[in-house]
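**Q** I have a structure here, written as structure tokens, and I will follow up with some questions on it.
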Amino acid sequence: MSVYEPRPEEIEELLRSVDRDGAIVEARSVADSPISRGRLLGLALAGTGTTLLARAGSASAAATLARSDIDILNYALVLEYLQAAFYTEAERSGALTGKTAEAARVVGAVERAHVTAFLKLLGSKAVKRPLFDFQGTTEQQTAFLKTAVAFEDLAVAAYKGQAPKLRAKPVLAAAVGIHSVEARHAAWMRELFGITPAVNAFDKPASRANINRVVASTHFIVARPRTTQKRKPKYTG
Amino acid sequence: MKLGISLALAVVAVAAFALFETTASTPPARRAHETPIDRFEALPATPKSALQIGRPEPLASGRYLARFSVVSHPTPARAEPRTSARIITTLATSTPDDTPNALTVLRAETDGNGSLWVRVRLPILPNGTAGWVRRRALGAYQTTTERLVVDRKRLTATLYRNGKSIFRAPIGVGTDSWPTPPGEYLVRSELTRYASPFYGPIAFGTTARSAVLTDWPGGGFVGIHGTSSPELIPGHISHGCVRLRNPDIVRLASLMPVGTPLTIE
């Protein structure tokens with residue numbers, strides 16, 4: 001592995017090339033206060049016009065969980081949706097090559113398994129899958145790696161920020177189990193991108209401001225285009 | 001006297017220390033190889049995870065998957081993936097139906113400057129024309145697993161999902177004078193709640209255009225809609241549109257999302 005460690009300003013410059021508002025760059029410089037799960041969840045819901053599904057009668061294991069734990073799980077689910085969609089689109093694009101393509105294939109399969117597990121646990125309380133516009137970052141190798149590093153670091157920081165707030169120990173056990181997997185993904189993507197995977201003795205959780213700003217200003221979560229109209233057709237008939 | 005007491009206390013202390021050391025450092029026979037970690041056996045058991053995470057899920061086959069996107073910024077569509085290439089047409093962000101201008105995405109390519117271009121089918125004549133637009137002029141990629149096939153000989157419309165037929169109904173298509181144009185298109189809009197019995201209760205807009213009715217209001221686009229004359233179906237009866245009986249168009253609408261590829265054969 002390369003021992004080259006780019007200077008912070010070099011990394012920021014690289015990331016800015018795919019990150020119109022500099023938001024992805026900020027995801028990498030995590031701060032030290034708790035994350036607002038509600039804010040991120042709100043972003044996803046605002047993007048889709050969706051509310052929490054509350055179909056009566058579709059019982060799930062989530063019925064026994066505290067409301068705050070369900071909110072945190074849904075918050076995590078949005079991040080898992082984001083990652084799963086990112087790797088899925090990248091793999092389908094066929095634009096990645098070599099070890100990067102292999103990493104996208106493996107990590108994507110894991111992220112999809114995470115989504116499935118969350119949906120199974122949350123049942124009718126799960127938020128709907130938002131629509132994501134990755135703006136070409138899934139179709140170019142360098143842009144993909146930059147974004148993947150940012151996403152994985154973001155996920156690790158988010159799990160770290162939320163885990164201490166979970167009330168049910170089985171949910172905490174699950175979060176810790178996923179957190180370490182996301183950390184491996186982060187290390188893998190960092191290595192592929194040429195960044196030393198682990199340099200810090202202690203990682204801080206992401207700040208509330210950082211997480212919200214990152215997700216919102218990347219514009220990766222978008223509203224679904226409204227393709228239905230109430231108007232008289234003008235077709236040829 | 002004091003010395004004697006002190007000596008006695010010292011002897012007791014040494015004996016007590018020796019006994020403690022013996023007790024502490026001499027493990028029972030059954031724990032002869034105890035390690036420091038063994039001392040924590042009494043810690044609580046790890047709680048069972050609330051999430052039952054299964055095996056990694058490999059990507060499902062994309063054999064029946066189609067991609068589409070919408071034009072997010074007005075943009076020229078070019079003959080080649082480079083800014084100096086000939087402009088074929090300029091794409092607007094919305095259709096004559098006032099819905100987002102959805103296009104079938106074919107593939108992507110990066111030019112020599114590192115800019116990403118996407119090849120899309122264009123809603124222009126001649127039907128089937130494709131062109132290149134900058135990726136940044138498009139919105140999110142969306143996917144569908146459905147495909148609608150209009151068979152002008154058998155006069156049927158069949159909807160497939162993941163390659164399996166899930167809907168089939170008789171249809172009316174264009175006459176010889178106003179033929180329904182063959183080719184590959186996209187269902188790009190859905191119109192409802194209008195007051196026009198001629199089009200039935202629901203009408204889908206497509207990217208197909210009549211090659212004959214070029215001055216038709218709205219550009220002569222071919223629709224898929226209901227009818228006020230169900231007795232004429234099946235038949236060659238329309239100006240190019242695909243007509244279904246009203247119960248059939250309602251059922252189709254419950255199964256077919258906007259963004260579904262349309263094959264007219």
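Going by the structure tokens order, chains are called A, B, ..., each with residues numbered from 1, while ligands are numbered from 1 in the order shown.
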Contacts of stretch 128-132 of chain B at 12 Å or less, counting only C-alpha atoms, minus same-chain residues fewer than 6 places along, as number ranges by chain?
**A** B: 75-91, 103-111, 115-122, 138, 181-186, 207-209, 211, 262-264
**Q** List as an MDAnalysis selection string the protein and nucleic acid residues near stretch 84-87 of chain A, meaning an atom at most 9 Å away when only C-alpha atoms are counted, but skip any in the same chain fewer than 2 places from it.
**A** chainID A and resid 79:82 89:92 104:105 107:115 131:132 134 137:138 144 148
**Q** Residues of the last selection are to be written out with C-alpha atoms, as a tab-separated table (two decimals), in the first residue's frame.
**A**
```
chain	number	residue	atom	x	y	z
A	79	LEU	CA	-27.91	6.50	5.27
A	80	GLU	CA	-28.06	2.83	4.31
A	81	TYR	CA	-30.45	3.65	1.45
A	82	LEU	CA	-27.98	6.30	0.33
A	89	GLU	CA	-25.82	2.60	-9.46
A	90	ALA	CA	-22.03	2.46	-9.70
A	91	GLU	CA	-22.02	-1.27	-10.33
A	92	ARG	CA	-24.76	-0.99	-12.92
A	104	ALA	CA	-18.06	-1.51	-5.17
A	105	ARG	CA	-19.49	-4.94	-5.86
A	107	VAL	CA	-19.58	-3.24	-0.41
A	108	GLY	CA	-22.77	-2.75	-2.39
A	109	ALA	CA	-23.91	-6.27	-1.56
A	110	VAL	CA	-23.32	-5.59	2.13
A	111	GLU	CA	-25.15	-2.26	2.09
A	112	ARG	CA	-28.15	-3.86	0.41
A	113	ALA	CA	-28.16	-6.51	3.16
A	114	HIS	CA	-28.17	-3.71	5.73
A	115	VAL	CA	-31.20	-2.12	4.08
A	131	LEU	CA	-34.71	9.23	-4.82
A	132	PHE	CA	-30.99	9.88	-5.19
A	134	PHE	CA	-25.53	11.09	-7.66
A	137	THR	CA	-20.20	10.33	-9.33
A	138	THR	CA	-21.15	6.69	-9.98
A	144	PHE	CA	-16.71	7.47	-7.33
A	148	ALA	CA	-17.27	6.63	-1.47
```
**Q** Return the neighbours of chain A among the residues of chain B, cut-off 8 Å, counting only C-alpha atoms, as a PyMOL selection string.
**A** chain B and resi 46-59+62+70+97-100+108+110+116+135-136+139-141+188-196+199+203+205+210+213+216-218+220-223+238-243+258
**Q** For atom CA of A:Leu73 and atom CA of A:Ala216, quote the distance in Å rounded to one decimal.
**A**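 Going from atom CA of A:Leu73 over to atom CA of A:Ala216 covers 19.4 Å.
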**Q** With only C-alpha atoms as the basis for distance, which of A:Val199, A:Thr64, A:Arg129, A:Phe193 is at the shortest distance from A:Gln83?
**A**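 Between A:Val199, A:Thr64, A:Arg129, A:Phe193, the residue approaching A:Gln83 most closely is A:Arg129.
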